[in-house]
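Everything below belongs to run_37.cif, which stores mmCIF, C-alpha atoms.
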```cif
data_query
#
loop_
_atom_site.group_PDB
_atom_site.id
_atom_site.type_symbol
_atom_site.label_atom_id
_atom_site.label_comp_id
_atom_site.auth_asym_id
_atom_site.auth_seq_id
_atom_site.Cartn_x
_atom_site.Cartn_y
_atom_site.Cartn_z
ATOM 1 C CA MET Q 12 97.016 23.027 -22.861
ATOM 2 C CA LYS Q 13 96.514 20.605 -20.012
ATOM 3 C CA ARG Q 14 94.588 18.256 -22.298
ATOM 4 C CA LYS Q 15 97.384 18.336 -24.881
ATOM 5 C CA THR Q 16 99.921 17.644 -22.169
ATOM 6 C CA ASP Q 17 97.897 14.677 -20.913
ATOM 7 C CA ASN Q 18 97.606 13.283 -24.450
ATOM 8 C CA PHE Q 19 101.347 13.712 -24.933
ATOM 9 C CA ASN Q 20 102.090 11.962 -21.657
ATOM 10 C CA LYS Q 21 99.868 9.050 -22.683
ATOM 11 C CA PHE Q 22 101.660 8.760 -26.017
ATOM 12 C CA PHE Q 23 105.051 9.056 -24.339
ATOM 13 C CA ASN Q 24 104.191 6.358 -21.805
ATOM 14 C CA LYS Q 25 102.909 4.088 -24.580
ATOM 15 C CA LYS Q 26 106.134 4.512 -26.544
ATOM 16 C CA SER Q 27 108.192 3.980 -23.413
ATOM 17 C CA ASN Q 28 106.364 0.742 -22.574
ATOM 18 C CA SER Q 29 106.901 -0.564 -26.107
ATOM 19 C CA ALA Q 30 110.584 0.246 -25.903
ATOM 20 C CA VAL Q 31 110.915 -1.542 -22.580
ATOM 21 C CA LYS Q 32 109.112 -4.616 -23.930
ATOM 22 C CA GLU Q 33 111.316 -4.658 -26.999
ATOM 23 C CA GLN Q 34 114.431 -4.413 -24.833
ATOM 24 C CA ILE Q 35 113.267 -7.324 -22.674
ATOM 25 C CA LYS Q 36 112.573 -9.352 -25.812
ATOM 26 C CA GLN Q 37 116.044 -8.654 -27.199
ATOM 27 C CA ASP Q 38 117.653 -9.535 -23.849
ATOM 28 C CA LYS Q 39 115.840 -12.878 -23.808
ATOM 29 C CA LYS Q 40 116.964 -13.663 -27.368
ATOM 30 C CA ALA Q 41 120.552 -12.853 -26.501
ATOM 31 C CA GLU Q 42 120.390 -15.010 -23.381
ATOM 32 C CA LYS Q 43 118.889 -17.916 -25.348
ATOM 33 C CA LYS Q 44 121.565 -17.619 -28.019
ATOM 34 C CA ALA Q 45 124.344 -17.567 -25.407
ATOM 35 C CA ARG Q 46 122.885 -20.644 -23.700
ATOM 36 C CA LYS Q 47 122.682 -22.528 -27.006
ATOM 37 C CA GLU Q 48 126.286 -21.651 -27.861
ATOM 38 C CA ALA Q 49 127.414 -22.856 -24.433
ATOM 39 C CA ILE Q 50 125.589 -26.190 -24.929
ATOM 40 C CA ASP Q 51 127.087 -26.601 -28.410
ATOM 41 C CA ARG Q 52 130.592 -25.964 -27.038
ATOM 42 C CA HIS Q 53 130.004 -28.522 -24.292
ATOM 43 C CA PHE Q 54 129.016 -31.293 -26.718
ATOM 44 C CA GLU Q 55 131.737 -30.365 -29.183
ATOM 45 C CA GLU Q 56 134.330 -30.851 -26.436
ATOM 46 C CA LYS Q 57 132.819 -34.264 -25.584
ATOM 47 C CA ARG Q 58 132.886 -35.308 -29.255
ATOM 48 C CA LYS Q 59 136.575 -34.423 -29.511
ATOM 49 C CA ILE Q 60 137.568 -36.780 -26.707
ATOM 50 C CA ARG Q 61 135.493 -39.714 -27.982
ATOM 51 C CA LYS Q 62 137.005 -42.539 -30.026
ATOM 52 C CA PRO Q 63 136.524 -42.214 -33.799
ATOM 53 C CA GLU Q 64 134.322 -45.322 -33.994
ATOM 54 C CA ALA Q 65 131.992 -43.932 -31.366
ATOM 55 C CA ARG Q 66 131.058 -41.105 -33.746
ATOM 56 C CA HIS Q 67 130.171 -43.559 -36.493
ATOM 57 C CA GLU Q 68 126.434 -43.658 -37.242
ATOM 58 C CA PRO Q 69 125.135 -47.166 -38.020
ATOM 59 C CA THR Q 70 123.594 -47.622 -41.465
ATOM 60 C CA GLY Q 71 122.561 -50.500 -43.703
ATOM 61 C CA SER Q 72 123.754 -53.853 -42.414
ATOM 62 C CA GLU Q 73 125.024 -52.239 -39.206
ATOM 63 C CA ARG Q 74 121.534 -51.439 -37.893
ATOM 64 C CA ARG Q 75 120.943 -52.777 -34.403
ATOM 65 C CA LEU Q 76 118.147 -53.224 -31.942
ATOM 66 C CA PRO Q 77 117.620 -50.334 -29.494
ATOM 67 C CA GLY Q 78 119.967 -50.649 -26.552
ATOM 68 C CA LEU Q 79 122.765 -52.427 -28.409
ATOM 69 C CA LYS Q 80 126.120 -50.739 -29.047
ATOM 70 C CA LEU Q 81 128.391 -50.924 -32.034
ATOM 71 C CA LYS Q 82 131.730 -52.638 -31.694
ATOM 72 C CA GLY Q 83 134.127 -50.612 -29.572
ATOM 73 C CA GLN Q 84 131.444 -48.457 -27.933
ATOM 74 C CA ASP Q 85 130.745 -50.412 -24.788
ATOM 75 C CA ASN Q 86 132.971 -52.572 -22.646
ATOM 76 C CA ASN Q 87 129.873 -54.109 -21.021
ATOM 77 C CA PRO Q 88 127.548 -54.919 -23.940
ATOM 78 C CA GLU Q 89 124.133 -56.550 -23.614
ATOM 79 C CA PHE Q 90 124.230 -60.321 -24.151
ATOM 80 C CA PHE Q 91 121.685 -62.518 -25.929
ATOM 81 C CA PRO Q 92 121.298 -66.276 -26.491
ATOM 82 C CA LEU Q 93 122.769 -67.055 -29.898
ATOM 83 C CA ASN Q 94 119.494 -68.339 -31.373
ATOM 84 C CA LYS Q 95 117.763 -65.108 -30.300
ATOM 85 C CA TYR Q 96 120.534 -63.036 -31.890
ATOM 86 C CA ILE Q 97 120.126 -64.907 -35.182
ATOM 87 C CA SER Q 98 116.335 -64.588 -35.132
ATOM 88 C CA HIS Q 99 116.740 -60.823 -34.665
ATOM 89 C CA SER Q 100 118.856 -60.771 -37.806
ATOM 90 C CA GLY Q 101 115.697 -61.582 -39.743
ATOM 91 C CA ILE Q 102 116.808 -64.758 -41.495
ATOM 92 C CA CYS Q 103 114.571 -67.184 -39.583
ATOM 93 C CA SER Q 104 112.584 -67.807 -36.409
ATOM 94 C CA ARG Q 105 114.321 -68.535 -33.105
ATOM 95 C CA ARG Q 106 113.333 -72.191 -33.301
ATOM 96 C CA ASP Q 107 114.831 -72.536 -36.786
ATOM 97 C CA ALA Q 108 117.915 -70.653 -35.602
ATOM 98 C CA ALA Q 109 118.400 -73.189 -32.809
ATOM 99 C CA GLU Q 110 118.266 -75.986 -35.385
ATOM 100 C CA LEU Q 111 120.866 -74.242 -37.578
ATOM 101 C CA ILE Q 112 123.164 -73.972 -34.560
ATOM 102 C CA ARG Q 113 122.778 -77.644 -33.647
ATOM 103 C CA LEU Q 114 123.526 -78.613 -37.257
ATOM 104 C CA GLY Q 115 126.865 -76.800 -37.068
ATOM 105 C CA LYS Q 116 125.936 -73.980 -39.450
ATOM 106 C CA VAL Q 117 126.871 -71.134 -37.098
ATOM 107 C CA MET Q 118 130.231 -69.648 -36.101
ATOM 108 C CA VAL Q 119 130.945 -66.974 -33.523
ATOM 109 C CA ASN Q 120 134.263 -65.143 -33.783
ATOM 110 C CA GLU Q 121 135.406 -67.844 -36.252
ATOM 111 C CA LYS Q 122 134.619 -70.619 -33.742
ATOM 112 C CA LEU Q 123 131.974 -73.284 -34.404
ATOM 113 C CA ILE Q 124 129.111 -73.126 -31.880
ATOM 114 C CA THR Q 125 126.509 -75.875 -31.475
ATOM 115 C CA GLU Q 126 124.739 -74.709 -28.308
ATOM 116 C CA PRO Q 127 121.754 -72.358 -29.045
ATOM 117 C CA GLY Q 128 121.920 -70.795 -25.576
ATOM 118 C CA THR Q 129 125.512 -69.539 -26.007
ATOM 119 C CA LYS Q 130 125.634 -65.855 -25.009
ATOM 120 C CA VAL Q 131 126.734 -63.353 -27.653
ATOM 121 C CA SER Q 132 126.648 -59.576 -28.016
ATOM 122 C CA ALA Q 133 126.780 -56.991 -30.786
ATOM 123 C CA ASN Q 134 130.581 -56.986 -30.368
ATOM 124 C CA ASP Q 135 130.759 -60.590 -31.624
ATOM 125 C CA LEU Q 136 131.128 -61.683 -35.235
ATOM 126 C CA VAL Q 137 128.307 -64.121 -36.013
ATOM 127 C CA LYS Q 138 128.186 -66.065 -39.283
ATOM 128 C CA VAL Q 139 125.433 -68.368 -40.530
ATOM 129 C CA ASN Q 140 126.453 -70.633 -43.422
ATOM 130 C CA GLY Q 141 129.559 -68.506 -43.814
ATOM 131 C CA LYS Q 142 127.676 -65.204 -44.090
ATOM 132 C CA LYS Q 143 127.832 -62.465 -41.463
ATOM 133 C CA VAL Q 144 124.519 -61.618 -39.799
ATOM 134 C CA SER Q 145 123.646 -58.549 -37.738
ATOM 135 C CA ILE Q 146 120.694 -57.673 -35.558
ATOM 136 C CA LEU Q 147 118.018 -55.689 -37.362
ATOM 137 C CA LYS Q 148 116.410 -52.523 -36.112
ATOM 138 C CA ASN Q 149 113.655 -52.230 -38.730
ATOM 139 C CA LEU Q 150 110.998 -54.816 -37.911
ATOM 140 C CA VAL Q 151 108.406 -55.582 -40.587
ATOM 141 C CA TYR Q 152 104.975 -57.218 -40.218
ATOM 142 C CA ILE Q 153 103.017 -58.276 -43.318
ATOM 143 C CA LEU Q 154 99.615 -59.960 -43.580
ATOM 144 C CA LEU Q 155 99.187 -62.003 -46.751
ATOM 145 C CA ASN Q 156 95.985 -63.578 -48.052
ATOM 146 C CA LYS Q 157 97.714 -66.689 -49.369
ATOM 147 C CA PRO Q 158 96.320 -68.383 -52.478
ATOM 148 C CA LYS Q 159 96.592 -72.104 -53.199
ATOM 149 C CA ASP Q 160 99.657 -73.581 -54.935
ATOM 150 C CA TYR Q 161 102.171 -71.438 -53.011
ATOM 151 C CA ILE Q 162 104.397 -72.971 -50.350
ATOM 152 C CA THR Q 163 105.292 -71.191 -47.111
ATOM 153 C CA THR Q 164 109.066 -71.470 -47.253
ATOM 154 C CA THR Q 165 111.677 -68.854 -48.055
ATOM 155 C CA GLU Q 166 113.007 -70.911 -50.961
ATOM 156 C CA ASP Q 167 112.282 -74.223 -52.662
ATOM 157 C CA PRO Q 168 114.883 -76.512 -54.318
ATOM 158 C CA GLN Q 169 112.148 -77.914 -56.572
ATOM 159 C CA GLY Q 170 111.400 -74.482 -58.012
ATOM 160 C CA ARG Q 171 107.809 -74.293 -56.772
ATOM 161 C CA LYS Q 172 106.152 -70.928 -56.131
ATOM 162 C CA THR Q 173 106.719 -69.503 -52.646
ATOM 163 C CA VAL Q 174 104.803 -66.874 -50.676
ATOM 164 C CA LEU Q 175 107.855 -64.594 -50.771
ATOM 165 C CA GLN Q 176 107.254 -64.108 -54.494
ATOM 166 C CA LEU Q 177 103.901 -62.522 -53.653
ATOM 167 C CA ILE Q 178 105.457 -59.883 -51.366
ATOM 168 C CA LYS Q 179 108.757 -59.312 -53.157
ATOM 169 C CA HIS Q 180 108.049 -55.586 -53.574
ATOM 170 C CA ALA Q 181 106.811 -55.094 -50.001
ATOM 171 C CA THR Q 182 110.131 -54.624 -48.196
ATOM 172 C CA ALA Q 183 113.893 -54.793 -48.581
ATOM 173 C CA GLU Q 184 114.119 -56.595 -45.223
ATOM 174 C CA ARG Q 185 114.336 -60.383 -45.200
ATOM 175 C CA VAL Q 186 111.087 -61.737 -43.738
ATOM 176 C CA PHE Q 187 109.871 -65.285 -43.162
ATOM 177 C CA PRO Q 188 106.411 -66.873 -42.727
ATOM 178 C CA VAL Q 189 104.933 -67.532 -39.279
ATOM 179 C CA GLY Q 190 102.257 -70.156 -38.733
ATOM 180 C CA ARG Q 191 102.771 -72.089 -41.944
ATOM 181 C CA LEU Q 192 100.033 -73.189 -44.324
ATOM 182 C CA ASP Q 193 100.398 -76.193 -46.622
ATOM 183 C CA ARG Q 194 100.466 -75.740 -50.369
ATOM 184 C CA ASN Q 195 96.725 -76.359 -50.900
ATOM 185 C CA THR Q 196 95.548 -74.228 -47.972
ATOM 186 C CA SER Q 197 94.714 -70.573 -48.474
ATOM 187 C CA GLY Q 198 94.109 -67.655 -46.132
ATOM 188 C CA VAL Q 199 95.745 -65.536 -43.464
ATOM 189 C CA LEU Q 200 99.527 -65.792 -43.257
ATOM 190 C CA LEU Q 201 101.846 -63.538 -41.246
ATOM 191 C CA LEU Q 202 105.365 -62.750 -42.478
ATOM 192 C CA THR Q 203 107.881 -60.869 -40.360
ATOM 193 C CA ASN Q 204 111.530 -60.508 -39.373
ATOM 194 C CA ASP Q 205 110.603 -60.272 -35.683
ATOM 195 C CA GLY Q 206 112.086 -63.482 -34.301
ATOM 196 C CA ASP Q 207 110.734 -62.963 -30.797
ATOM 197 C CA LEU Q 208 107.166 -62.595 -32.030
ATOM 198 C CA ALA Q 209 107.530 -65.611 -34.325
ATOM 199 C CA GLN Q 210 108.768 -67.683 -31.385
ATOM 200 C CA LYS Q 211 105.840 -66.550 -29.250
ATOM 201 C CA LEU Q 212 103.189 -67.298 -31.863
ATOM 202 C CA ALA Q 213 104.675 -70.738 -32.561
ATOM 203 C CA HIS Q 214 104.918 -71.805 -28.906
ATOM 204 C CA PRO Q 215 102.081 -74.145 -27.808
ATOM 205 C CA LYS Q 216 101.760 -72.536 -24.361
ATOM 206 C CA HIS Q 217 100.328 -69.345 -25.880
ATOM 207 C CA GLU Q 218 97.480 -71.317 -27.517
ATOM 208 C CA ILE Q 219 97.219 -69.051 -30.554
ATOM 209 C CA LYS Q 220 93.741 -69.336 -32.070
ATOM 210 C CA LYS Q 221 93.158 -70.163 -35.733
ATOM 211 C CA VAL Q 222 89.786 -70.265 -37.481
ATOM 212 C CA TYR Q 223 89.290 -72.301 -40.666
ATOM 213 C CA HIS Q 224 86.574 -72.570 -43.297
ATOM 214 C CA VAL Q 225 86.470 -76.193 -44.413
ATOM 215 C CA VAL Q 226 84.677 -77.494 -47.511
ATOM 216 C CA LEU Q 227 84.166 -81.266 -47.485
ATOM 217 C CA ASP Q 228 83.322 -83.712 -50.268
ATOM 218 C CA LYS Q 229 80.056 -84.594 -48.492
ATOM 219 C CA ILE Q 230 77.797 -83.521 -45.648
ATOM 220 C CA LEU Q 231 79.330 -83.838 -42.171
ATOM 221 C CA ALA Q 232 77.148 -86.279 -40.235
ATOM 222 C CA LYS Q 233 75.919 -85.223 -36.798
ATOM 223 C CA ALA Q 234 77.694 -88.191 -35.177
ATOM 224 C CA ASP Q 235 81.015 -87.142 -36.714
ATOM 225 C CA PHE Q 236 80.321 -83.506 -35.772
ATOM 226 C CA ASP Q 237 79.986 -84.603 -32.118
ATOM 227 C CA ALA Q 238 83.026 -86.880 -32.375
ATOM 228 C CA ILE Q 239 85.214 -83.968 -33.516
ATOM 229 C CA LEU Q 240 83.875 -81.829 -30.688
ATOM 230 C CA ASN Q 241 84.825 -84.546 -28.164
ATOM 231 C CA GLY Q 242 88.302 -85.168 -29.656
ATOM 232 C CA ILE Q 243 89.701 -87.397 -32.403
ATOM 233 C CA GLN Q 244 92.472 -89.958 -31.925
ATOM 234 C CA LEU Q 245 95.219 -89.442 -34.533
ATOM 235 C CA ASP Q 246 98.525 -91.241 -35.048
ATOM 236 C CA ASP Q 247 100.365 -88.578 -33.025
ATOM 237 C CA GLY Q 248 97.808 -88.302 -30.211
ATOM 238 C CA MET Q 249 94.391 -86.833 -29.488
ATOM 239 C CA ALA Q 250 93.276 -83.813 -31.516
ATOM 240 C CA TYR Q 251 90.879 -81.369 -29.894
ATOM 241 C CA VAL Q 252 89.099 -78.375 -31.392
ATOM 242 C CA ASP Q 253 87.948 -75.284 -29.502
ATOM 243 C CA ALA Q 254 84.740 -74.856 -31.500
ATOM 244 C CA ILE Q 255 82.992 -76.311 -34.542
ATOM 245 C CA ALA Q 256 79.873 -75.206 -36.445
ATOM 246 C CA TYR Q 257 78.080 -75.578 -39.748
ATOM 247 C CA VAL Q 258 78.788 -72.496 -41.844
ATOM 248 C CA ASP Q 259 75.515 -72.878 -43.733
ATOM 249 C CA ASN Q 260 72.622 -74.981 -42.446
ATOM 250 C CA ASN Q 261 71.575 -75.534 -46.057
ATOM 251 C CA ASP Q 262 75.029 -76.881 -46.950
ATOM 252 C CA LYS Q 263 76.410 -78.977 -44.123
ATOM 253 C CA ALA Q 264 79.525 -79.826 -46.099
ATOM 254 C CA GLN Q 265 80.849 -76.383 -45.147
ATOM 255 C CA ILE Q 266 82.315 -76.274 -41.643
ATOM 256 C CA GLY Q 267 83.765 -73.559 -39.432
ATOM 257 C CA LEU Q 268 86.508 -74.782 -37.105
ATOM 258 C CA GLU Q 269 88.431 -73.009 -34.336
ATOM 259 C CA ILE Q 270 91.614 -74.672 -33.108
ATOM 260 C CA HIS Q 271 94.824 -73.698 -31.350
ATOM 261 C CA SER Q 272 96.968 -76.739 -32.121
ATOM 262 C CA GLY Q 273 99.919 -76.086 -34.410
ATOM 263 C CA ARG Q 274 100.476 -79.702 -35.416
ATOM 264 C CA ASN Q 275 101.159 -80.417 -39.077
ATOM 265 C CA ARG Q 276 98.037 -80.673 -41.309
ATOM 266 C CA ILE Q 277 95.921 -81.100 -38.172
ATOM 267 C CA VAL Q 278 92.607 -79.925 -39.695
ATOM 268 C CA ARG Q 279 92.889 -82.119 -42.791
ATOM 269 C CA ARG Q 280 93.895 -85.137 -40.724
ATOM 270 C CA ILE Q 281 90.900 -84.766 -38.391
ATOM 271 C CA PHE Q 282 88.425 -85.034 -41.270
ATOM 272 C CA GLU Q 283 90.418 -87.665 -43.164
ATOM 273 C CA ARG Q 284 90.394 -89.824 -40.026
ATOM 274 C CA LEU Q 285 86.585 -89.868 -40.242
ATOM 275 C CA GLY Q 286 86.514 -90.661 -43.967
ATOM 276 C CA TYR Q 287 86.040 -87.187 -45.435
ATOM 277 C CA GLU Q 288 88.059 -85.482 -48.156
ATOM 278 C CA VAL Q 289 88.828 -81.803 -47.653
ATOM 279 C CA LYS Q 290 88.059 -80.113 -50.980
ATOM 280 C CA ALA Q 291 89.049 -76.613 -49.811
ATOM 281 C CA LEU Q 292 90.647 -75.242 -46.662
ATOM 282 C CA ASP Q 293 90.900 -71.521 -45.914
ATOM 283 C CA ARG Q 294 92.311 -69.926 -42.758
ATOM 284 C CA VAL Q 295 90.079 -66.935 -42.074
ATOM 285 C CA MET Q 296 91.697 -65.877 -38.788
ATOM 286 C CA TYR Q 297 95.113 -66.241 -37.187
ATOM 287 C CA ALA Q 298 95.991 -64.754 -33.776
ATOM 288 C CA GLY Q 299 93.144 -62.263 -34.163
ATOM 289 C CA LEU Q 300 94.218 -61.211 -37.674
ATOM 290 C CA THR Q 301 91.703 -61.581 -40.514
ATOM 291 C CA LYS Q 302 91.912 -61.232 -44.297
ATOM 292 C CA LYS Q 303 89.204 -58.554 -44.349
ATOM 293 C CA ASN Q 304 89.722 -56.126 -47.267
ATOM 294 C CA VAL Q 305 92.747 -58.142 -48.485
ATOM 295 C CA GLN Q 306 92.065 -59.931 -51.753
ATOM 296 C CA ARG Q 307 93.494 -63.380 -52.472
ATOM 297 C CA GLY Q 308 97.179 -63.095 -53.362
ATOM 298 C CA LYS Q 309 97.416 -59.546 -51.953
ATOM 299 C CA TRP Q 310 99.062 -58.247 -48.784
ATOM 300 C CA ARG Q 311 99.163 -55.303 -46.394
ATOM 301 C CA PHE Q 312 101.316 -54.110 -43.498
ATOM 302 C CA LEU Q 313 99.938 -54.577 -40.002
ATOM 303 C CA THR Q 314 98.804 -51.465 -38.183
ATOM 304 C CA GLU Q 315 100.573 -50.314 -35.019
ATOM 305 C CA LYS Q 316 97.543 -51.408 -33.008
ATOM 306 C CA GLU Q 317 97.627 -54.916 -34.505
ATOM 307 C CA ILE Q 318 101.348 -55.234 -33.777
ATOM 308 C CA ARG Q 319 100.837 -54.109 -30.199
ATOM 309 C CA ILE Q 320 98.015 -56.629 -29.699
ATOM 310 C CA LEU Q 321 100.158 -59.456 -31.094
ATOM 311 C CA LYS Q 322 103.084 -58.617 -28.839
ATOM 312 C CA TYR Q 323 100.869 -58.665 -25.731
ATOM 313 C CA LEU Q 324 98.662 -61.573 -26.842
ATOM 314 C CA ASN Q 325 98.252 -64.001 -23.939
ATOM 315 C CA SER Q 326 101.154 -62.190 -22.221
ATOM 316 C CA SER Q 327 99.916 -63.398 -18.826
ATOM 317 C CA THR Q 328 100.467 -67.021 -19.855
ATOM 318 C CA LYS Q 329 103.417 -68.584 -18.013
#
```
Would you mind writing the file out in structure tokens?
Amino acid sequence: MKRKTDNFNKFFNKKSNSAVKEQIKQDKKAEKKARKEAIDRHFEEKRKIRKPEARHEPTGSERRLPGLKLKGQDNNPEFFPLNKYISHSGICSRRDAAELIRLGKVMVNEKLITEPGTKVSANDLVKVNGKKVSILKNLVYILLNKPKDYITTTEDPQGRKTVLQLIKHATAERVFPVGRLDRNTSGVLLLTNDGDLAQKLAHPKHEIKKVYHVVLDKILAKADFDAILNGIQLDDGMAYVDAIAYVDNNDKAQIGLEIHSGRNRIVRRIFERLGYEVKALDRVMYAGLTKKNVQRGKWRFLTEKEIRILKYLNSSTK
């Protein structure tokens, strides 16, 4: 009998423990539910006292950069130089935006503004060529392996092919080319709507590296090789390269050139100054980006790592 009693007590205690655990579990669930309902009531009360426009969620053309408020939400909005605001709208780089402002193409709150540094906020109405522009939130970065016979402009009055035709299915955002290539030059081209990054990559102080594969009409003589390495006098000043090498020792008409100057047609002009004709010019690297695994005329989005590297490229330069 004693053994049966002991077994019963063990069973009873086991059932009792399970019941206690279940009760604790139910109490916790009830407490969690009550806490959630209290939080919901708190935020519902706050929503009721807010202005109607404050509850409006931005969509489409109303998208903004993080930190900016919609009109009516903040009496102390964040201010930006006007050219920076326009570049963040995705229609052009900050430098091009400054030019548009100086040309009298920009109005703020229906008033003509010609000073690029004029401070504006998200509360202001900004129009470029009569069309309202707003700061974008969705930033896009595209690497294109540009073929020949395409120009690096957003549009062309003469009806020539532009690089935007090659990426027309890539994004609904309006992007523009950074680090332009002339019509007969192929290779790495970056397109984005990030005006700040475009401004950084275009600024001479950051010394953005570019590497070119040059094919000449004849062998590059050793004397001219050394002359290029020491600097070439052009009409707009001295032109210096960072490095130069023969791509193939069996074909010394093929040259590899590293340069950071952003001057117009600088590589072609260096060789033309010495009496050479550039038969083919291909940019194989730009700001650390290469055309690896991207066929001619094709494109891809940059990876998060590549974007991060670009944004911090030469960030210590003052």
Which residues fall under the PyMOL selection byres ((chain Q and resi 139) around 9) in this file, as a PDB file with C-alpha atoms, keeping the file's coordinate frame?
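Heads up, here's the output in selection.pdb:
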```
ATOM      1  CA  ILE Q  97     120.126 -64.907 -35.182  1.00  0.00           C
ATOM      2  CA  LEU Q 111     120.866 -74.242 -37.578  1.00  0.00           C
ATOM      3  CA  ILE Q 112     123.164 -73.972 -34.560  1.00  0.00           C
ATOM      4  CA  LYS Q 116     125.936 -73.980 -39.450  1.00  0.00           C
ATOM      5  CA  VAL Q 117     126.871 -71.134 -37.098  1.00  0.00           C
ATOM      6  CA  MET Q 118     130.231 -69.648 -36.101  1.00  0.00           C
ATOM      7  CA  VAL Q 137     128.307 -64.121 -36.013  1.00  0.00           C
ATOM      8  CA  LYS Q 138     128.186 -66.065 -39.283  1.00  0.00           C
ATOM      9  CA  ASN Q 140     126.453 -70.633 -43.422  1.00  0.00           C
ATOM     10  CA  GLY Q 141     129.559 -68.506 -43.814  1.00  0.00           C
ATOM     11  CA  LYS Q 142     127.676 -65.204 -44.090  1.00  0.00           C
ATOM     12  CA  LYS Q 143     127.832 -62.465 -41.463  1.00  0.00           C
ATOM     13  CA  VAL Q 144     124.519 -61.618 -39.799  1.00  0.00           C
TER      14      VAL Q 144
END
```
| query | Quick one: residues within 9 Å of segment 241-256 of chain Q, only C-alpha atoms counted, chain neighbours fewer than 4 positions away excluded, as JSON, numbers by chain? | reply | {"Q": [220, 236, 237, 265, 266, 267, 268, 269, 270, 271, 272, 277, 280, 281, 284, 285]}
| request: Using the chain letters and numbers from the file, give me the residues hit by the PyMOL selection byres ((chain Q and resi 213) around 12), as a PyMOL selection string. | output: chain Q and resi 104-107+188-191+201+206-212+214-221+271-274+297-298
| task | Name the residues in contact with segment 154-166 of chain Q at a cut-off of 7 Å, using all atoms listed in the file, excluding same-chain residues fewer than 3 positions from it; report them as a ChimeraX atom specification. | result | /Q:172-175,187-188,191-202,302,305-313
| task | Give as a ChimeraX atom specification the residues that the PyMOL selection byres ((chain Q and resi 92) around 9) matches when applied to the coordinates above. | result | /Q:90-91,93-97,127-132
Output file for the selection above: C-alpha atoms, as an mmCIF file, keeping the file's coordinate frame:
```cif
data_model
loop_
_atom_site.group_PDB
_atom_site.id
_atom_site.type_symbol
_atom_site.label_atom_id
_atom_site.label_comp_id
_atom_site.auth_asym_id
_atom_site.auth_seq_id
_atom_site.Cartn_x
_atom_site.Cartn_y
_atom_site.Cartn_z
ATOM 1 C CA PHE Q 90 124.230 -60.321 -24.151
ATOM 2 C CA PHE Q 91 121.685 -62.518 -25.929
ATOM 3 C CA LEU Q 93 122.769 -67.055 -29.898
ATOM 4 C CA ASN Q 94 119.494 -68.339 -31.373
ATOM 5 C CA LYS Q 95 117.763 -65.108 -30.300
ATOM 6 C CA TYR Q 96 120.534 -63.036 -31.890
ATOM 7 C CA ILE Q 97 120.126 -64.907 -35.182
ATOM 8 C CA PRO Q 127 121.754 -72.358 -29.045
ATOM 9 C CA GLY Q 128 121.920 -70.795 -25.576
ATOM 10 C CA THR Q 129 125.512 -69.539 -26.007
ATOM 11 C CA LYS Q 130 125.634 -65.855 -25.009
ATOM 12 C CA VAL Q 131 126.734 -63.353 -27.653
ATOM 13 C CA SER Q 132 126.648 -59.576 -28.016
#
```
| What does the distance from atom CA of Ala108 of chain Q to atom CA of Leu177 of chain Q come to in Å, to one decimal? |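 Separation of atom CA of Ala108 of chain Q and atom CA of Leu177 of chain Q: 24.3 Å.
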| request: Using all atoms listed in the file, find the one residue out of Q:Thr203, Q:Pro168, Q:Leu292, Q:Glu89 that sits nearest to Ala181 of chain Q. | output: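 Nearest candidate to Ala181 of chain Q out of Q:Thr203, Q:Pro168, Q:Leu292, Q:Glu89: Q:Thr203.
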